$ cat final-v9.txt   # compact mmCIF, C-alpha atoms
# COMPACT_ATOMS: atom_id res chain seq x y z
CA MET A 49 54.56 -183.97 -118.09
CA LYS A 50 57.95 -182.36 -118.34
CA THR A 51 59.71 -185.40 -116.87
CA LYS A 52 57.88 -187.66 -119.29
CA ALA A 53 59.13 -185.58 -122.24
CA LEU A 54 62.62 -185.68 -120.81
CA VAL A 55 62.49 -189.46 -120.41
CA ILE A 56 61.32 -189.83 -123.99
CA ILE A 57 64.13 -187.59 -125.28
CA ILE A 58 66.73 -189.50 -123.29
CA ALA A 59 65.31 -192.81 -124.52
CA VAL A 60 65.41 -191.63 -128.14
CA VAL A 61 69.00 -190.34 -127.80
CA LEU A 62 70.03 -193.63 -126.20
CA ALA A 63 68.34 -195.66 -128.90
CA ILE A 64 70.01 -193.62 -131.64
CA SER A 65 73.46 -193.89 -130.08
CA LEU A 66 73.00 -197.61 -129.53
CA ALA A 67 71.98 -198.09 -133.14
CA ALA A 68 74.90 -195.95 -134.30
CA SER A 69 77.43 -197.89 -132.25
CA ALA A 70 75.93 -201.18 -133.43
CA ILE A 71 76.38 -200.04 -137.04
CA LEU A 72 79.93 -198.89 -136.30
CA TYR A 73 80.71 -202.10 -134.44
CA PHE A 74 79.39 -204.53 -136.99
CA GLY A 75 80.55 -202.34 -139.82
CA GLY A 76 78.49 -201.11 -142.71
CA GLU A 77 80.29 -203.63 -144.92
CA ARG A 78 79.82 -207.24 -144.08
CA LYS A 79 82.95 -209.27 -143.98
CA THR A 80 82.28 -212.54 -145.72
CA ALA A 81 84.74 -215.41 -145.86
CA ASN A 82 84.22 -217.72 -148.80
CA ILE A 83 85.64 -221.22 -148.66
CA TYR A 84 86.28 -222.85 -152.01
CA VAL A 85 87.17 -226.45 -152.71
CA ASP A 86 88.52 -227.11 -156.21
CA GLY A 87 87.27 -223.71 -157.29
CA LYS A 88 83.68 -224.35 -156.16
CA LEU A 89 82.14 -222.40 -153.32
CA TYR A 90 81.91 -224.77 -150.37
CA ARG A 91 80.67 -222.46 -147.65
CA SER A 92 80.19 -218.75 -147.03
CA ILE A 93 80.46 -217.23 -143.56
CA ASP A 94 79.64 -213.69 -142.49
CA LEU A 95 82.56 -213.13 -140.11
CA ALA A 96 81.04 -209.95 -138.67
CA ALA A 97 78.05 -211.96 -137.49
CA VAL A 98 80.02 -214.67 -135.73
CA THR A 99 79.13 -214.46 -132.04
CA GLU A 100 81.21 -217.29 -130.64
CA ALA A 101 84.25 -219.11 -131.92
CA GLN A 102 83.56 -222.30 -133.80
CA THR A 103 85.44 -224.93 -135.74
CA PHE A 104 84.39 -227.25 -138.51
CA THR A 105 86.11 -229.72 -140.80
CA VAL A 106 86.34 -229.67 -144.57
CA GLU A 107 86.98 -233.24 -145.64
CA THR A 108 87.51 -234.43 -149.19
CA GLU A 109 89.23 -237.47 -150.67
CA ARG A 110 92.38 -235.35 -150.84
CA GLY A 111 92.50 -234.69 -147.12
CA ARG A 112 91.09 -232.66 -144.30
CA ASN A 113 91.37 -229.10 -143.02
CA VAL A 114 89.95 -227.93 -139.72
CA ILE A 115 88.75 -224.35 -140.01
CA GLU A 116 88.37 -222.07 -137.04
CA VAL A 117 86.18 -218.99 -137.12
CA GLU A 118 86.02 -216.09 -134.68
CA ARG A 119 84.37 -212.72 -135.04
CA GLY A 120 86.10 -210.96 -137.90
CA ARG A 121 88.65 -213.64 -138.65
CA ILE A 122 89.19 -217.16 -139.93
CA ARG A 123 92.07 -219.63 -140.11
CA VAL A 124 93.03 -223.22 -140.79
CA SER A 125 93.85 -224.62 -137.36
CA GLU A 126 94.64 -228.19 -138.39
CA ALA A 127 95.45 -229.91 -141.67
CA ASP A 128 96.87 -233.20 -142.85
CA CYS A 129 98.49 -231.78 -145.97
CA PRO A 130 102.27 -232.29 -146.29
CA ASP A 131 103.40 -228.66 -146.28
CA ARG A 132 100.91 -227.07 -143.80
CA VAL A 133 101.25 -223.76 -145.64
CA CYS A 134 97.55 -223.18 -144.97
CA MET A 135 98.08 -223.47 -141.19
CA ARG A 136 101.16 -221.29 -141.23
CA SER A 137 99.21 -218.55 -143.03
CA GLY A 138 97.55 -217.82 -139.68
CA TRP A 139 94.45 -215.71 -139.24
CA LEU A 140 92.83 -214.07 -142.23
CA SER A 141 91.04 -210.89 -141.24
CA GLU A 142 91.70 -208.40 -144.02
CA GLY A 143 93.03 -207.99 -147.50
CA ASP A 144 92.54 -210.16 -150.53
CA ILE A 145 95.42 -212.57 -150.07
CA PRO A 146 93.64 -215.87 -149.62
CA ILE A 147 94.60 -218.76 -147.38
CA VAL A 148 95.47 -221.52 -149.81
CA CYS A 149 95.89 -225.23 -149.20
CA LEU A 150 97.27 -226.26 -152.56
CA PRO A 151 97.42 -230.03 -151.91
CA HIS A 152 93.73 -230.08 -150.95
CA GLY A 153 92.53 -227.50 -153.48
CA LEU A 154 91.15 -225.38 -150.65
CA VAL A 155 90.97 -221.57 -150.74
CA ILE A 156 89.61 -219.22 -148.12
CA ARG A 157 89.22 -215.61 -149.12
CA LEU A 158 87.39 -212.55 -148.00
CA SER A 159 84.94 -210.98 -150.36
CA SER A 160 85.25 -207.23 -150.89
CA GLY A 161 88.85 -206.95 -149.70
CA GLY A 162 88.12 -203.25 -149.98
CA GLU A 163 91.17 -201.12 -150.56
CA VAL A 164 92.86 -203.11 -153.33
CA ASP A 165 91.60 -204.98 -156.39
CA SER A 166 94.35 -207.58 -156.43
CA VAL A 167 97.67 -208.36 -154.79
CA SER A 168 100.98 -208.84 -156.58
CA ARG A 169 103.34 -211.23 -154.83
CA MET B 132 53.64 -187.44 -159.89
CA ARG B 133 52.75 -190.36 -162.06
CA ARG B 134 55.01 -189.12 -164.81
CA SER B 135 58.03 -188.87 -162.58
CA ALA B 136 57.34 -192.37 -161.25
CA ALA B 137 57.27 -193.65 -164.83
CA ILE B 138 60.54 -191.87 -165.63
CA ILE B 139 62.16 -193.38 -162.55
CA ALA B 140 60.90 -196.84 -163.53
CA VAL B 141 62.41 -196.47 -167.01
CA LEU B 142 65.69 -195.27 -165.53
CA ILE B 143 65.81 -198.28 -163.23
CA MET B 144 65.19 -200.59 -166.17
CA LEU B 145 67.95 -198.94 -168.18
CA LEU B 146 70.34 -199.26 -165.27
CA THR B 147 69.50 -202.94 -164.91
CA VAL B 148 70.04 -203.54 -168.61
CA SER B 149 73.41 -201.78 -168.64
CA SER B 150 74.57 -203.67 -165.57
CA CYS B 151 73.71 -206.92 -167.34
CA ALA B 152 75.84 -205.97 -170.32
CA ASN B 153 78.65 -205.22 -167.93
CA SER B 154 78.16 -208.23 -165.71
CA GLU B 155 81.12 -209.51 -163.79
CA LYS B 156 82.29 -213.06 -164.16
CA THR B 157 85.13 -214.77 -162.36
CA ALA B 158 86.91 -218.05 -163.00
CA GLU B 159 88.99 -219.43 -160.14
CA PHE B 160 91.18 -222.48 -160.56
CA PHE B 161 94.44 -224.19 -159.70
CA ALA B 162 96.99 -224.35 -162.49
CA MET B 163 100.77 -224.17 -162.81
CA ASP B 164 101.01 -225.25 -159.18
CA THR B 165 99.21 -222.16 -157.90
CA TYR B 166 95.88 -220.44 -157.37
CA MET B 167 94.54 -218.31 -160.20
CA SER B 168 91.60 -216.01 -160.75
CA VAL B 169 90.35 -214.24 -163.86
CA LYS B 170 87.66 -211.62 -163.33
CA ALA B 171 86.17 -209.92 -166.37
CA TYR B 172 83.39 -207.40 -166.83
CA GLY B 173 81.32 -208.31 -169.89
CA GLY B 174 82.52 -210.92 -172.34
CA GLY B 175 80.15 -213.66 -171.20
CA ASP B 176 81.91 -217.00 -170.92
CA ALA B 177 85.28 -215.63 -171.98
CA VAL B 178 86.68 -216.32 -168.49
CA ASP B 179 85.96 -220.04 -168.92
CA GLU B 180 87.87 -219.99 -172.19
CA ALA B 181 90.67 -218.19 -170.36
CA GLU B 182 90.78 -221.00 -167.79
CA ALA B 183 90.96 -223.62 -170.55
CA LEU B 184 93.75 -221.64 -172.22
CA VAL B 185 95.84 -221.60 -169.03
CA PHE B 186 95.48 -225.37 -168.67
CA GLU B 187 96.50 -225.82 -172.29
CA LEU B 188 99.62 -223.71 -171.72
CA GLU B 189 100.40 -225.69 -168.57
CA ARG B 190 100.29 -228.93 -170.55
CA LYS B 191 102.81 -227.52 -173.01
CA LEU B 192 105.16 -225.80 -170.60
CA SER B 193 105.11 -227.73 -167.34
CA ILE B 194 108.41 -229.09 -166.08
CA THR B 195 106.77 -231.71 -163.87
CA ASP B 196 104.42 -233.08 -166.55
CA GLY B 197 106.46 -235.70 -168.39
CA LEU B 198 104.28 -235.25 -171.46
CA SER B 199 104.86 -231.52 -171.87
CA GLU B 200 106.83 -230.06 -174.75
CA ILE B 201 109.46 -228.74 -172.35
CA SER B 202 109.85 -232.23 -170.87
CA ALA B 203 110.33 -233.59 -174.39
CA VAL B 204 113.15 -231.09 -174.96
CA ASN B 205 114.73 -231.91 -171.60
CA GLU B 206 114.55 -235.65 -172.08
CA ALA B 207 115.93 -235.82 -175.59
CA GLY B 208 118.14 -232.72 -175.50
CA SER B 209 116.40 -231.56 -178.66
CA ALA B 210 112.79 -231.74 -179.78
CA GLN B 211 110.33 -230.23 -182.12
CA VAL B 212 107.74 -228.16 -180.24
CA SER B 213 104.76 -226.01 -181.16
CA GLN B 214 105.49 -222.66 -182.74
CA GLU B 215 104.14 -220.99 -179.61
CA THR B 216 106.58 -222.80 -177.30
CA ALA B 217 109.50 -222.13 -179.65
CA GLU B 218 108.67 -218.44 -179.68
CA LEU B 219 108.33 -218.37 -175.90
CA VAL B 220 111.73 -220.02 -175.43
CA ALA B 221 113.22 -217.48 -177.85
CA SER B 222 111.64 -214.57 -175.94
CA ALA B 223 112.84 -215.99 -172.63
CA LEU B 224 116.37 -216.29 -174.05
CA GLY B 225 116.12 -212.62 -175.04
CA LEU B 226 115.44 -211.74 -171.39
CA CYS B 227 118.32 -213.95 -170.24
CA GLU B 228 120.61 -211.97 -172.53
CA LEU B 229 119.13 -208.61 -171.55
CA SER B 230 119.83 -209.40 -167.90
CA GLY B 231 123.35 -210.62 -168.62
CA GLY B 232 122.46 -214.08 -167.37
CA ALA B 233 120.88 -212.98 -164.06
CA LEU B 234 117.87 -214.79 -165.47
CA ASP B 235 118.86 -218.14 -166.91
CA ILE B 236 116.22 -220.66 -167.98
CA SER B 237 118.87 -223.40 -167.82
CA VAL B 238 119.48 -223.03 -164.06
CA TYR B 239 116.96 -225.82 -163.50
CA PRO B 240 119.43 -228.64 -162.59
CA VAL B 241 120.63 -226.45 -159.70
CA THR B 242 117.14 -225.44 -158.56
CA ARG B 243 116.19 -229.10 -158.60
CA ALA B 244 119.23 -230.06 -156.51
CA TRP B 245 118.00 -227.64 -153.81
CA GLY B 246 114.68 -229.50 -153.88
CA PHE B 247 112.59 -226.55 -154.97
CA THR B 248 110.83 -228.58 -157.65
CA ALA B 249 109.73 -231.54 -155.54
CA GLY B 250 109.54 -229.75 -152.21
CA GLU B 251 112.21 -232.03 -150.69
CA TYR B 252 114.52 -229.27 -149.59
CA ARG B 253 118.23 -229.76 -148.95
CA VAL B 254 121.44 -227.77 -149.09
CA PRO B 255 123.68 -229.27 -151.81
CA GLN B 256 127.40 -229.73 -151.26
CA GLU B 257 129.78 -227.23 -152.86
CA ALA B 258 131.21 -229.91 -155.19
CA GLU B 259 127.74 -230.90 -156.34
CA LEU B 260 126.84 -227.28 -157.12
CA GLU B 261 130.07 -226.78 -159.03
CA LYS B 262 129.35 -229.80 -161.15
CA LEU B 263 125.76 -228.73 -161.84
CA LEU B 264 126.75 -225.15 -162.62
CA ARG B 265 128.69 -226.42 -165.64
CA LEU B 266 125.32 -227.33 -167.13
CA VAL B 267 123.97 -223.79 -166.69
CA ASP B 268 124.43 -221.65 -169.79
CA TYR B 269 121.46 -220.20 -171.63
CA THR B 270 123.65 -219.34 -174.64
CA LYS B 271 123.76 -223.07 -175.40
CA VAL B 272 119.98 -223.21 -175.78
CA LYS B 273 119.14 -222.91 -179.46
CA VAL B 274 115.85 -222.29 -181.17
CA SER B 275 115.76 -223.08 -184.85
CA GLY B 276 112.34 -223.01 -186.46
CA ASP B 277 110.18 -225.10 -184.16
CA THR B 278 113.09 -227.08 -182.75
CA VAL B 279 114.57 -226.32 -179.36
CA SER B 280 117.92 -227.92 -178.56
CA LEU B 281 120.15 -227.90 -175.50
CA GLY B 282 123.78 -228.55 -174.74
CA GLU B 283 124.79 -231.93 -173.30
CA GLY B 284 123.05 -232.72 -169.99
CA MET B 285 121.25 -229.37 -169.85
CA LEU B 286 117.68 -228.86 -168.64
CA ILE B 287 115.43 -225.81 -169.09
CA ASP B 288 112.49 -224.54 -167.09
CA LEU B 289 110.20 -221.72 -168.21
CA GLY B 290 108.82 -221.26 -164.68
CA ALA B 291 110.18 -217.72 -164.48
CA VAL B 292 108.18 -216.56 -167.51
CA ALA B 293 105.29 -219.01 -168.00
CA LYS B 294 102.76 -217.28 -165.74
CA GLY B 295 103.57 -213.86 -167.16
CA TYR B 296 103.19 -215.21 -170.66
CA ALA B 297 99.90 -216.89 -169.70
CA GLY B 298 98.72 -213.51 -168.41
CA ASP B 299 99.49 -211.94 -171.79
CA ARG B 300 97.58 -214.67 -173.60
CA VAL B 301 94.59 -214.44 -171.27
CA THR B 302 94.47 -210.65 -171.66
CA GLU B 303 94.62 -211.01 -175.43
CA LEU B 304 91.82 -213.59 -175.39
CA LEU B 305 89.55 -211.46 -173.20
CA ARG B 306 90.19 -208.44 -175.38
CA SER B 307 89.22 -210.42 -178.50
CA HIS B 308 85.89 -211.16 -176.77
CA GLY B 309 85.26 -207.46 -176.39
CA VAL B 310 86.15 -207.30 -172.71
CA LYS B 311 87.20 -203.76 -171.77
CA SER B 312 87.83 -204.33 -168.10
CA ALA B 313 89.40 -207.33 -166.39
CA ILE B 314 91.75 -208.23 -163.57
CA ILE B 315 93.79 -211.41 -163.75
CA ASN B 316 95.80 -212.89 -160.91
CA LEU B 317 97.85 -215.92 -161.83
CA GLY B 318 99.48 -217.04 -158.61
CA GLY B 319 100.32 -213.50 -157.55
CA ASN B 320 101.18 -212.28 -161.04
CA VAL B 321 98.66 -209.54 -161.65
CA GLN B 322 97.64 -208.37 -165.07
CA CYS B 323 94.95 -205.79 -165.68
CA LEU B 324 93.02 -205.03 -168.83
CA GLY B 325 91.80 -201.47 -169.24
CA ARG B 326 90.56 -199.67 -166.17
CA LYS B 327 87.99 -200.61 -163.57
CA PRO B 328 84.37 -200.45 -164.74
CA ASP B 329 83.98 -197.15 -162.86
CA GLY B 330 86.77 -195.62 -164.94
CA SER B 331 89.37 -195.48 -162.18
CA ARG B 332 92.70 -197.30 -162.31
CA TRP B 333 93.11 -200.72 -160.72
CA LYS B 334 94.63 -200.70 -157.27
CA ILE B 335 97.22 -203.43 -156.99
CA GLY B 336 98.63 -204.18 -153.55
CA VAL B 337 102.29 -205.17 -153.34
CA GLN B 338 102.69 -207.95 -150.79
CA ASP B 339 104.79 -207.08 -147.75
CA PRO B 340 107.66 -209.58 -148.10
CA ALA B 341 108.14 -209.60 -144.32
CA GLY B 342 104.52 -209.73 -143.22
CA SER B 343 100.93 -210.25 -144.23
CA GLY B 344 99.84 -206.82 -145.47
CA TYR B 345 101.04 -204.64 -148.35
CA VAL B 346 104.08 -202.42 -148.55
CA GLY B 347 102.10 -200.23 -150.93
CA VAL B 348 99.51 -199.96 -153.63
CA ILE B 349 100.24 -199.36 -157.32
CA GLU B 350 97.63 -197.82 -159.59
CA ALA B 351 97.66 -199.57 -162.94
CA GLU B 352 95.83 -199.84 -166.24
CA ASP B 353 96.52 -202.15 -169.18
CA GLU B 354 99.60 -203.44 -167.41
CA ALA B 355 101.17 -206.35 -165.64
CA VAL B 356 102.30 -205.95 -162.02
CA ILE B 357 104.55 -208.88 -161.18
CA THR B 358 106.50 -209.51 -158.00
CA SER B 359 109.32 -211.90 -157.20
CA GLY B 360 110.16 -212.41 -153.57
CA GLY B 361 112.18 -214.70 -151.39
CA TYR B 362 109.09 -215.34 -149.25
CA GLU B 363 107.26 -217.20 -152.02
CA ARG B 364 109.06 -220.49 -151.59
CA PHE B 365 111.80 -221.15 -149.08
CA PHE B 366 113.07 -223.40 -146.33
CA VAL B 367 115.04 -222.86 -143.16
CA GLU B 368 117.96 -225.07 -142.17
CA ASP B 369 120.24 -224.46 -139.17
CA GLY B 370 118.71 -221.02 -138.75
CA LYS B 371 119.49 -219.94 -142.29
CA THR B 372 116.80 -219.19 -144.85
CA TYR B 373 117.20 -220.52 -148.38
CA TRP B 374 114.80 -219.28 -151.03
CA HIS B 375 113.88 -220.51 -154.49
CA ILE B 376 115.37 -217.71 -156.57
CA ILE B 377 118.78 -219.08 -157.48
CA ASP B 378 121.64 -216.88 -158.66
CA PRO B 379 122.88 -218.66 -161.83
CA SER B 380 126.42 -217.38 -161.23
CA ASP B 381 127.03 -219.34 -158.02
CA GLY B 382 124.07 -221.72 -157.81
CA ARG B 383 122.98 -220.36 -154.43
CA PRO B 384 119.85 -218.46 -153.40
CA ALA B 385 120.20 -214.90 -154.67
CA ASP B 386 121.78 -212.74 -152.00
CA SER B 387 121.58 -209.27 -153.48
CA GLY B 388 120.15 -207.38 -150.52
CA LEU B 389 116.65 -207.40 -152.01
CA ILE B 390 113.75 -209.37 -150.60
CA SER B 391 111.16 -208.41 -153.18
CA VAL B 392 111.05 -206.87 -156.65
CA THR B 393 107.88 -205.73 -158.39
CA VAL B 394 107.97 -204.97 -162.11
CA VAL B 395 105.26 -202.97 -163.87
CA GLY B 396 104.95 -202.92 -167.64
CA LYS B 397 102.94 -203.79 -170.73
CA SER B 398 104.28 -207.30 -171.26
CA GLY B 399 103.55 -209.89 -168.58
CA LEU B 400 106.22 -212.14 -170.05
CA ALA B 401 108.89 -209.44 -169.74
CA CYS B 402 107.74 -208.32 -166.27
CA ASP B 403 107.79 -211.90 -165.00
CA GLY B 404 111.30 -212.65 -166.28
CA LEU B 405 112.62 -209.25 -165.24
CA SER B 406 111.26 -209.52 -161.69
CA THR B 407 113.40 -212.63 -161.20
CA ALA B 408 116.41 -211.10 -163.00
CA LEU B 409 116.32 -207.85 -161.01
CA PHE B 410 115.97 -209.81 -157.76
CA VAL B 411 119.20 -211.63 -158.60
CA MET B 412 120.99 -208.49 -159.83
CA GLY B 413 120.37 -206.33 -156.78
CA LYS B 414 119.43 -202.68 -156.68
CA GLU B 415 122.44 -201.06 -158.38
CA LYS B 416 122.62 -203.36 -161.39
CA ALA B 417 118.81 -203.36 -161.65
CA ALA B 418 118.81 -199.56 -161.76
CA GLY B 419 121.41 -199.73 -164.53
CA LEU B 420 119.32 -202.14 -166.57
CA TRP B 421 116.26 -199.93 -166.11
CA ARG B 422 118.15 -196.81 -167.22
CA GLU B 423 119.59 -198.49 -170.28
CA ASN B 424 116.40 -200.15 -171.46
CA GLY B 425 113.34 -198.60 -169.88
CA GLY B 426 109.97 -199.92 -170.98
CA PHE B 427 109.12 -200.92 -167.42
CA GLU B 428 109.03 -199.56 -163.89
CA ALA B 429 110.04 -201.30 -160.69
CA ALA B 430 109.62 -201.22 -156.91
CA PHE B 431 112.21 -202.85 -154.65
CA VAL B 432 112.09 -203.84 -151.00
CA THR B 433 115.50 -204.33 -149.40
CA GLU B 434 116.36 -206.63 -146.52
CA ASN B 435 116.51 -203.52 -144.30
CA GLY B 436 112.89 -202.79 -145.20
CA ASP B 437 113.68 -199.83 -147.45
CA ILE B 438 111.30 -199.21 -150.33
CA ILE B 439 112.89 -197.99 -153.55
CA ILE B 440 110.98 -197.13 -156.75
CA THR B 441 111.88 -196.06 -160.25
CA GLU B 442 110.70 -192.55 -161.08
CA GLY B 443 107.87 -193.68 -163.36
CA LEU B 444 106.07 -195.06 -160.33
CA SER B 445 106.14 -191.86 -158.33
CA GLY B 446 102.64 -190.47 -158.18
CA ARG B 447 101.02 -193.86 -158.55
CA PHE B 448 102.69 -195.86 -155.83
CA THR B 449 101.20 -195.23 -152.41
CA THR B 450 102.94 -196.78 -149.43
CA SER B 451 100.84 -198.50 -146.78
CA GLY B 452 101.00 -198.71 -143.02
CA GLY B 453 103.02 -195.53 -142.46
CA ARG B 454 105.92 -196.70 -144.62
CA LYS B 455 107.88 -194.25 -146.74
CA VAL B 456 109.67 -194.52 -150.05
CA SER B 457 113.33 -194.21 -149.12
CA GLU B 458 114.66 -193.62 -152.61
CA VAL B 459 113.44 -192.80 -156.10
CA ILE B 460 115.74 -194.03 -158.87
CA ARG B 461 115.93 -191.37 -161.57
CA ARG B 462 116.80 -191.71 -165.20
CA ASP B 463 119.59 -189.16 -164.95
CA GLU B 464 121.95 -190.23 -162.21
CA ASN B 465 121.79 -187.34 -159.73
$ encode --input "final-v9.txt" --output "structure tokens"
Amino acid sequence: MKTKALVIIIAVVLAISLAASAILYFGGERKTANIYVDGKLYRSIDLAAVTEAQTFTVETERGRNVIEVERGRIRVSEADCPDRVCMRSGWLSEGDIPIVCLPHGLVIRLSSGGEVDSVSR
Amino acid sequence: MRRSAAIIAVLIMLLTVSSCANSEKTAEFFAMDTYMSVKAYGGGDAVDEAEALVFELERKLSITDGLSEISAVNEAGSAQVSQETAELVASALGLCELSGGALDISVYPVTRAWGFTAGEYRVPQEAELEKLLRLVDYTKVKVSGDTVSLGEGMLIDLGAVAKGYAGDRVTELLRSHGVKSAIINLGGNVQCLGRKPDGSRWKIGVQDPAGSGYVGVIEAEDEAVITSGGYERFFVEDGKTYWHIIDPSDGRPADSGLISVTVVGKSGLACDGLSTALFVMGKEKAAGLWRENGGFEAAFVTENGDIIITEGLSGRFTTSGGRKVSEVIRRDEN
């Protein structure tokens, strides 16, 4: 009887700590990346929920951008725009400075940047 | 029990209603060669009108649109423009004078020679720059009524003030629609209307000119927060970096020891023009201009990574990432 109670207590403590670490790990706030093309929302990705890296292509008549997603971050890995500013921006994982591909009208930004409301640059 | 449930239900309904009245709406678009967003609380479709307004201003002021009013002036050397454009040119000339020519809207032939307009970058020869510099003189730009005229061969570009001015106009438009709270970002030029809906001040990050984060955060209300930096547009040739902010005195990228200047003040137009002017002037001259005129505050980042602020920003500029303010410029020298 005593061992059974002990097992239950240990199980409960384990479950609680697991749940707590899961919450801490995935974060109370979801980190969503929104991809816009010409100002219209093209696709929304919950970066915190990404389990394995993936890539996909955004193709319009203006050109194409290959977008790579990993847990917690997103980037443009390939593009056929002339300046490649979007590729050189690198990984976007925090803040509200979007990745912008001006020639293709593509914007990737995180919703709820958190600490700031806007960025002056 | 039932009564309290009813009270709670009514409270929830009231909350829902008030959040509707204060609903957030954002317009995002590309204009003036950059990405823009206008977010307003309340005001219904005012943000869509704001977007239309920015496009209208772009059509008047663009240097690359051959049909713009500025292009008409540049092509003919003199042209009649709308009253709005005439007034904007006059205001811009006022800033050129205030800065002693550190800002010069007629530096465009030089900027173009460096390829910053078309994106075909090159380093012009000394002789070419000398020749083009003879065309640079804002005092030869005249505004008379609605007519803007230039000296022989001159070209003007309002790029250094157009976004700031657009921010002023957008703010004004939103305010006339009863908006009490809005945040506008026109290609990195931030303008805020009122405070945040929760009553706190807006937190505006200042881009780290040497990295991807912020050097600090400025708390602002009813103000423009506008930054000019060498990182915005540049090219590298033979290991040397050349950026788009040209010093009108020698026709070369400004080399004043600063890599970013942020100006905070009521007028977006003035902040925009001043951020460029102070970048060209360098810290000492910029401090002098601030002491003599006031009406704005500024934060500087030097090429050594030092952060310097004017005293009006102390208390509302918080550095990020363990950085420290290395100097506060005071009104009374020492």
$ residues_around --input "final-v9.txt" --residues "Cys149 (chain A)" --least-positions-apart "2" --cutoff "12 Å" --atoms "all atoms listed in the file" --output "number ranges by chain"
A: 83-87, 106, 110-115, 123-124, 126-137, 146-147, 151-157; B: 161, 164-166
$ residues_near_point --input "final-v9.txt" --point "(102.4, -215.4, -163.3)" --cutoff "7 Å" --atoms "only C-alpha atoms" --output "MDAnalysis selection string"
chainID B and resid 293:295 298 317:320 403
$ atom_distance --input "final-v9.txt" --atom1 "CA of Leu224 (chain B)" --atom2 "CA of Tyr269 (chain B)"
6.9 Å
$ interface_residues --input "final-v9.txt" --of "chain B" --to "chain A" --cutoff "6 Å" --atoms "all atoms listed in the file" --output "ChimeraX atom specification"
/B:159-160,319-321,334-338,357-358
$ closest_residue --input "final-v9.txt" --among "A:Ala59, A:Glu118, A:Thr51, A:Leu66" --to "Leu95 (chain A)" --atoms "all atoms listed in the file"
A:Glu118
$ atom_distance --input "final-v9.txt" --atom1 "CA of Ala341 (chain B)" --atom2 "CA of Ala401 (chain B)"
25.4 Å
$ residues_near_point --input "final-v9.txt" --point "(121.1, -201.9, -159.3)" --cutoff "12 Å" --atoms "only C-alpha atoms" --output "ChimeraX atom specification"
/B:230,387-389,392,408-423,429-431,433,439-441,460-461
$ residues_around --input "final-v9.txt" --residues "Gly382 (chain B)" --least-positions-apart "3" --cutoff "9 Å" --atoms "only C-alpha atoms" --output "list in words"
Val238, Val241, Thr242, Leu260, Glu261, Leu263, Leu264, Ile377, Asp378, Pro379 and Ala385 of chain B
$ atom_distance --input "final-v9.txt" --atom1 "CA of Pro328 (chain B)" --atom2 "CA of Lys311 (chain B)"
8.3 Å
$ build_atoms --input "final-v9.txt" --residues "region 413-425 of chain B" --atoms "N, CA and C atoms" --output "short mmCIF file (atom, residue, chain, number, x, y, z; two decimals), in the coordinates of the input"
data_model
loop_
_atom_site.label_atom_id
_atom_site.label_comp_id
_atom_site.auth_asym_id
_atom_site.auth_seq_id
_atom_site.Cartn_x
_atom_site.Cartn_y
_atom_site.Cartn_z
N GLY B 413 120.22 -207.31 -157.86
CA GLY B 413 120.37 -206.33 -156.78
C GLY B 413 120.08 -204.94 -157.28
N LYS B 414 119.94 -204.01 -156.36
CA LYS B 414 119.43 -202.68 -156.68
C LYS B 414 120.28 -201.92 -157.71
N GLU B 415 121.61 -201.89 -157.51
CA GLU B 415 122.44 -201.06 -158.38
C GLU B 415 122.40 -201.53 -159.83
N LYS B 416 122.63 -202.83 -160.02
CA LYS B 416 122.62 -203.36 -161.39
C LYS B 416 121.23 -203.25 -162.00
N ALA B 417 120.19 -203.46 -161.16
CA ALA B 417 118.81 -203.36 -161.65
C ALA B 417 118.53 -201.95 -162.13
N ALA B 418 119.01 -200.96 -161.37
CA ALA B 418 118.81 -199.56 -161.76
C ALA B 418 119.49 -199.30 -163.10
N GLY B 419 120.68 -199.88 -163.28
CA GLY B 419 121.41 -199.73 -164.53
C GLY B 419 120.64 -200.31 -165.70
N LEU B 420 120.08 -201.50 -165.50
CA LEU B 420 119.32 -202.14 -166.57
C LEU B 420 118.08 -201.31 -166.92
N TRP B 421 117.45 -200.76 -165.88
CA TRP B 421 116.26 -199.93 -166.11
C TRP B 421 116.63 -198.66 -166.89
N ARG B 422 117.75 -198.04 -166.53
CA ARG B 422 118.15 -196.81 -167.22
C ARG B 422 118.49 -197.08 -168.68
N GLU B 423 119.16 -198.20 -168.91
CA GLU B 423 119.59 -198.49 -170.28
C GLU B 423 118.43 -198.89 -171.19
N ASN B 424 117.45 -199.60 -170.61
CA ASN B 424 116.40 -200.15 -171.46
C ASN B 424 115.04 -199.50 -171.31
N GLY B 425 114.67 -199.17 -170.10
CA GLY B 425 113.34 -198.60 -169.88
C GLY B 425 112.26 -199.58 -170.30
#
